[in-house]
file entry25.txt (compact mmCIF, C-alpha atoms)
# COMPACT_ATOMS: atom_id res chain seq x y z
CA GLN K 1 101.03 -106.16 -94.04
CA VAL K 2 102.90 -109.44 -94.25
CA GLN K 3 105.50 -110.23 -96.88
CA LEU K 4 106.12 -113.85 -97.82
CA VAL K 5 109.02 -115.20 -99.85
CA GLU K 6 109.18 -118.84 -100.88
CA SER K 7 112.28 -120.80 -101.81
CA GLY K 8 113.35 -124.39 -102.29
CA GLY K 9 111.51 -125.35 -105.43
CA GLY K 10 113.16 -127.09 -108.35
CA LEU K 11 113.33 -130.16 -110.52
CA VAL K 12 113.36 -133.57 -108.87
CA GLN K 13 112.83 -137.14 -110.01
CA ALA K 14 109.81 -139.12 -108.93
CA GLY K 15 110.38 -140.57 -105.49
CA GLY K 16 112.65 -137.74 -104.47
CA SER K 17 112.25 -135.06 -101.82
CA LEU K 18 112.22 -131.29 -101.58
CA ARG K 19 111.86 -128.87 -98.71
CA LEU K 20 110.15 -125.60 -99.38
CA SER K 21 110.70 -122.61 -97.14
CA CYS K 22 108.66 -119.47 -96.69
CA ALA K 23 110.18 -116.51 -94.90
CA ALA K 24 107.73 -114.01 -93.45
CA SER K 25 108.28 -110.40 -92.49
CA GLY K 26 106.26 -107.38 -91.55
CA ARG K 27 104.18 -108.54 -88.60
CA THR K 28 104.46 -110.77 -85.54
CA PHE K 29 104.83 -114.19 -87.13
CA ILE K 30 103.43 -116.18 -84.24
CA ASN K 31 100.07 -114.43 -84.59
CA TYR K 32 99.54 -115.90 -88.04
CA ALA K 33 98.37 -119.20 -89.36
CA MET K 34 100.54 -120.30 -92.26
CA GLY K 35 99.68 -122.48 -95.20
CA TRP K 36 100.83 -123.97 -98.47
CA PHE K 37 98.77 -124.12 -101.63
CA ARG K 38 99.66 -125.32 -105.09
CA GLN K 39 98.45 -124.63 -108.58
CA ALA K 40 99.08 -126.90 -111.52
CA PRO K 41 98.62 -125.69 -115.12
CA GLY K 42 94.95 -125.46 -115.99
CA LYS K 43 93.83 -126.18 -112.44
CA GLU K 44 92.60 -124.12 -109.54
CA ARG K 45 94.81 -123.26 -106.61
CA ALA K 46 94.45 -126.03 -104.05
CA PHE K 47 95.18 -126.31 -100.33
CA VAL K 48 98.10 -128.54 -99.41
CA ALA K 49 98.74 -128.01 -95.72
CA GLY K 50 98.32 -125.45 -92.96
CA ILE K 51 99.64 -124.83 -89.46
CA LYS K 52 98.32 -122.71 -86.62
CA TRP K 53 100.32 -120.66 -84.15
CA ASN K 54 100.36 -123.54 -81.68
CA GLY K 55 101.67 -126.07 -84.18
CA TYR K 56 98.36 -127.74 -84.95
CA SER K 57 98.51 -128.80 -88.58
CA THR K 58 96.10 -130.07 -91.18
CA TYR K 59 96.63 -131.55 -94.61
CA ASN K 60 94.85 -132.13 -97.85
CA THR K 61 94.40 -135.84 -97.35
CA ASP K 62 94.32 -136.69 -101.03
CA SER K 63 97.48 -134.89 -102.04
CA ALA K 64 99.65 -134.52 -98.99
CA LYS K 65 98.95 -136.63 -95.99
CA GLY K 66 101.59 -139.23 -95.34
CA ARG K 67 104.09 -137.66 -97.71
CA PHE K 68 104.24 -133.97 -96.80
CA THR K 69 104.98 -132.35 -93.46
CA ILE K 70 104.40 -128.72 -92.59
CA SER K 71 106.32 -127.09 -89.76
CA ARG K 72 107.17 -123.64 -88.50
CA ASP K 73 110.11 -122.04 -86.75
CA ASP K 74 108.88 -118.93 -85.01
CA THR K 75 112.42 -117.89 -84.12
CA LYS K 76 113.15 -117.62 -87.84
CA ASN K 77 109.71 -116.45 -88.98
CA THR K 78 109.74 -119.33 -91.41
CA VAL K 79 107.35 -122.10 -92.37
CA TYR K 80 108.49 -125.23 -94.15
CA LEU K 81 106.95 -127.89 -96.32
CA GLN K 82 108.90 -131.13 -96.40
CA MET K 83 107.79 -133.16 -99.41
CA ASN K 84 108.78 -136.81 -99.72
CA SER K 85 107.97 -139.54 -102.24
CA LEU K 86 107.21 -136.92 -104.85
CA LYS K 87 105.10 -137.85 -107.85
CA PRO K 88 104.73 -136.21 -111.26
CA ASP K 89 101.23 -135.15 -110.16
CA ASP K 90 102.87 -132.96 -107.52
CA THR K 91 104.22 -130.71 -110.27
CA ALA K 92 102.86 -127.22 -109.63
CA VAL K 93 103.66 -123.74 -108.45
CA TYR K 94 103.64 -123.83 -104.66
CA TYR K 95 102.44 -120.77 -102.79
CA CYS K 96 102.89 -119.79 -99.17
CA ALA K 97 99.95 -118.05 -97.52
CA ALA K 98 99.13 -116.43 -94.20
CA HIS K 99 96.20 -115.06 -92.27
CA PRO K 100 95.78 -113.83 -88.71
CA ASP K 101 95.20 -116.77 -86.40
CA LEU K 102 91.98 -115.83 -84.61
CA GLY K 103 91.41 -119.23 -83.07
CA SER K 104 89.22 -120.72 -85.75
CA MET K 105 89.93 -123.84 -87.72
CA LEU K 106 92.32 -123.61 -90.63
CA SER K 107 90.53 -122.89 -93.87
CA THR K 108 91.24 -124.86 -97.02
CA PHE K 109 89.77 -122.10 -99.20
CA SER K 110 92.27 -119.75 -100.80
CA ALA K 111 89.88 -116.80 -100.38
CA ALA K 112 90.26 -117.08 -96.61
CA TRP K 113 93.97 -116.37 -96.71
CA ASP K 114 95.09 -112.76 -96.70
CA TYR K 115 98.71 -112.78 -97.76
CA TRP K 116 100.52 -114.67 -100.49
CA GLY K 117 104.03 -115.24 -101.69
CA GLN K 118 105.07 -115.13 -105.32
CA GLY K 119 105.26 -118.91 -105.63
CA THR K 120 108.00 -121.41 -106.30
CA GLN K 121 107.96 -123.98 -109.10
CA VAL K 122 108.18 -127.67 -108.26
CA THR K 123 108.64 -130.04 -111.17
CA VAL K 124 108.69 -133.80 -110.67
CA SER K 125 109.92 -135.86 -113.58
CA SER K 126 108.87 -139.45 -114.17

call {"tool": "encode", "arguments": {"input": "entry25.txt", "output": "structure tokens"}}
result
Amino acid sequence: QVQLVESGGGLVQAGGSLRLSCAASGRTFINYAMGWFRQAPGKERAFVAGIKWNGYSTYNTDSAKGRFTISRDDTKNTVYLQMNSLKPDDTAVYYCAAHPDLGSMLSTFSAAWDYWGQGTQVTVSS
């Protein structure tokens, strides 16, 4: 079992930045792929970014690439999502997710991820 706790959400003006953190506990962190999803009101949960044990990362091109950066610190069992140039459309609850890294490509489907945090609200005002 893996426990995930997100932090760092809040209210920010358009064009601003936030860094989300997700602290993991319960299992060997390096054995897990980590990801960020988001869910806006009335919309499905959507993949934002993911990172494998070796640092390989992938992004949802439409929503994140060029503005968001995912990283992990295995010494702190923490994954981060640096979000720059935020837009009102980025407003959502952001969820951290994890699944055992078995060597396959990162999945963008939420059903493929085994563990979830409780979410942190990000609100971007115009």

call {"tool": "axis_aligned_box", "arguments": {"input": "entry25.txt", "around": "region 82-90 of chain K", "padding_each_side": "3 Å", "output": "AutoDock Vina command-line options"}}
result
--center_x 105.1 --center_y -135.3 --center_z -103.8 --size_x 13.7 --size_y 14.4 --size_z 20.9

call {"tool": "atom_distance", "arguments": {"input": "entry25.txt", "atom1": "CA of Tyr56 (chain K)", "atom2": "CA of Trp113 (chain K)"}}
result
16.9 Å

call {"tool": "closest_residue", "arguments": {"input": "entry25.txt", "among": "K:Phe29, K:Phe109, K:Trp36, K:Tyr115", "to": "Thr69 (chain K)", "atoms": "all atoms listed in the file"}}
result
K:Trp36

call {"tool": "residues_around", "arguments": {"input": "entry25.txt", "residues": "Trp53 (chain K)", "least_positions_apart": "6", "cutoff": "9 Å", "atoms": "all atoms listed in the file", "output": "list in words"}}
result
Phe29, Ile30, Asn31, Tyr32, Ala33, Met34, Arg72, Asp74 and Asp101 of chain K

call {"tool": "residues_around", "arguments": {"input": "entry25.txt", "residues": "region 86-98 of chain K", "least_positions_apart": "3", "cutoff": "9 Å", "atoms": "only C-alpha atoms", "output": "PyMOL selection string"}}
result
chain K and resi 2+4-6+9+12-18+20-22+24+32-41+45+48+50+63+67+79+83+101+110+113-126

call {"tool": "atom_distance", "arguments": {"input": "entry25.txt", "atom1": "CA of Asn77 (chain K)", "atom2": "CA of Gly103 (chain K)"}}
result
19.4 Å

call {"tool": "atom_distance", "arguments": {"input": "entry25.txt", "atom1": "CA of Gln82 (chain K)", "atom2": "CA of Thr58 (chain K)"}}
result
13.9 Å

call {"tool": "closest_residue", "arguments": {"input": "entry25.txt", "among": "K:Ile51, K:Leu81, K:Ile70, K:Ala23", "to": "Ser107 (chain K)", "atoms": "all atoms listed in the file"}}
result
K:Ile51

call {"tool": "residues_around", "arguments": {"input": "entry25.txt", "residues": "Asn60 (chain K)", "least_positions_apart": "2", "cutoff": "7 Å", "atoms": "all atoms listed in the file", "output": "list in words"}}
result
Phe47, Val48, Ala49, Asp62, Ser63, Ala64 and Lys65 of chain K

call {"tool": "closest_residue", "arguments": {"input": "entry25.txt", "among": "K:Lys52, K:Ser25, K:His99, K:Ala46", "to": "Lys76 (chain K)", "atoms": "only C-alpha atoms"}}
result
K:Ser25

call {"tool": "build_atoms", "arguments": {"input": "entry25.txt", "residues": "region 66-82 of chain K", "atoms": "N, CA, C and O atoms", "output": "mmCIF file, keeping the file's coordinate frame"}}
result
data_model
loop_
_atom_site.group_PDB
_atom_site.id
_atom_site.type_symbol
_atom_site.label_atom_id
_atom_site.label_comp_id
_atom_site.auth_asym_id
_atom_site.auth_seq_id
_atom_site.Cartn_x
_atom_site.Cartn_y
_atom_site.Cartn_z
ATOM 1 N N GLY K 66 100.721 -138.069 -95.282
ATOM 2 C CA GLY K 66 101.590 -139.230 -95.340
ATOM 3 C C GLY K 66 102.864 -138.995 -96.098
ATOM 4 O O GLY K 66 103.830 -139.740 -95.952
ATOM 5 N N ARG K 67 102.884 -137.947 -96.930
ATOM 6 C CA ARG K 67 104.090 -137.660 -97.710
ATOM 7 C C ARG K 67 104.668 -136.279 -97.398
ATOM 8 O O ARG K 67 105.873 -136.068 -97.494
ATOM 9 N N PHE K 68 103.802 -135.339 -97.049
ATOM 10 C CA PHE K 68 104.240 -133.970 -96.800
ATOM 11 C C PHE K 68 104.130 -133.649 -95.311
ATOM 12 O O PHE K 68 103.216 -134.133 -94.632
ATOM 13 N N THR K 69 105.028 -132.803 -94.846
ATOM 14 C CA THR K 69 104.980 -132.350 -93.460
ATOM 15 C C THR K 69 105.189 -130.843 -93.411
ATOM 16 O O THR K 69 106.177 -130.341 -93.961
ATOM 17 N N ILE K 70 104.267 -130.155 -92.777
ATOM 18 C CA ILE K 70 104.400 -128.720 -92.590
ATOM 19 C C ILE K 70 104.926 -128.450 -91.189
ATOM 20 O O ILE K 70 104.562 -129.138 -90.233
ATOM 21 N N SER K 71 105.791 -127.468 -91.072
ATOM 22 C CA SER K 71 106.320 -127.090 -89.760
ATOM 23 C C SER K 71 106.637 -125.603 -89.778
ATOM 24 O O SER K 71 106.684 -124.982 -90.833
ATOM 25 N N ARG K 72 106.831 -125.050 -88.590
ATOM 26 C CA ARG K 72 107.170 -123.640 -88.500
ATOM 27 C C ARG K 72 108.237 -123.430 -87.458
ATOM 28 O O ARG K 72 108.285 -124.131 -86.447
ATOM 29 N N ASP K 73 109.082 -122.451 -87.708
ATOM 30 C CA ASP K 73 110.110 -122.040 -86.750
ATOM 31 C C ASP K 73 109.863 -120.569 -86.460
ATOM 32 O O ASP K 73 110.214 -119.703 -87.263
ATOM 33 N N ASP K 74 109.240 -120.303 -85.331
ATOM 34 C CA ASP K 74 108.880 -118.930 -85.010
ATOM 35 C C ASP K 74 110.091 -118.069 -84.689
ATOM 36 O O ASP K 74 109.999 -116.834 -84.729
ATOM 37 N N THR K 75 111.212 -118.678 -84.365
ATOM 38 C CA THR K 75 112.420 -117.890 -84.120
ATOM 39 C C THR K 75 113.010 -117.369 -85.426
ATOM 40 O O THR K 75 113.766 -116.394 -85.421
ATOM 41 N N LYS K 76 112.648 -118.032 -86.536
ATOM 42 C CA LYS K 76 113.150 -117.620 -87.840
ATOM 43 C C LYS K 76 112.056 -117.036 -88.723
ATOM 44 O O LYS K 76 112.312 -116.723 -89.898
ATOM 45 N N ASN K 77 110.849 -116.949 -88.186
ATOM 46 C CA ASN K 77 109.710 -116.450 -88.980
ATOM 47 C C ASN K 77 109.581 -117.201 -90.301
ATOM 48 O O ASN K 77 109.354 -116.604 -91.371
ATOM 49 N N THR K 78 109.703 -118.510 -90.202
ATOM 50 C CA THR K 78 109.740 -119.330 -91.410
ATOM 51 C C THR K 78 108.829 -120.543 -91.245
ATOM 52 O O THR K 78 108.776 -121.152 -90.167
ATOM 53 N N VAL K 79 108.137 -120.874 -92.320
ATOM 54 C CA VAL K 79 107.350 -122.100 -92.370
ATOM 55 C C VAL K 79 107.938 -122.982 -93.470
ATOM 56 O O VAL K 79 108.435 -122.480 -94.482
ATOM 57 N N TYR K 80 107.891 -124.279 -93.241
ATOM 58 C CA TYR K 80 108.490 -125.230 -94.150
ATOM 59 C C TYR K 80 107.446 -126.223 -94.644
ATOM 60 O O TYR K 80 106.462 -126.502 -93.973
ATOM 61 N N LEU K 81 107.732 -126.773 -95.817
ATOM 62 C CA LEU K 81 106.950 -127.890 -96.320
ATOM 63 C C LEU K 81 107.940 -128.952 -96.800
ATOM 64 O O LEU K 81 108.595 -128.768 -97.829
ATOM 65 N N GLN K 82 108.052 -130.009 -96.021
ATOM 66 C CA GLN K 82 108.900 -131.130 -96.400
ATOM 67 C C GLN K 82 108.068 -132.073 -97.273
ATOM 68 O O GLN K 82 107.010 -132.553 -96.832
#
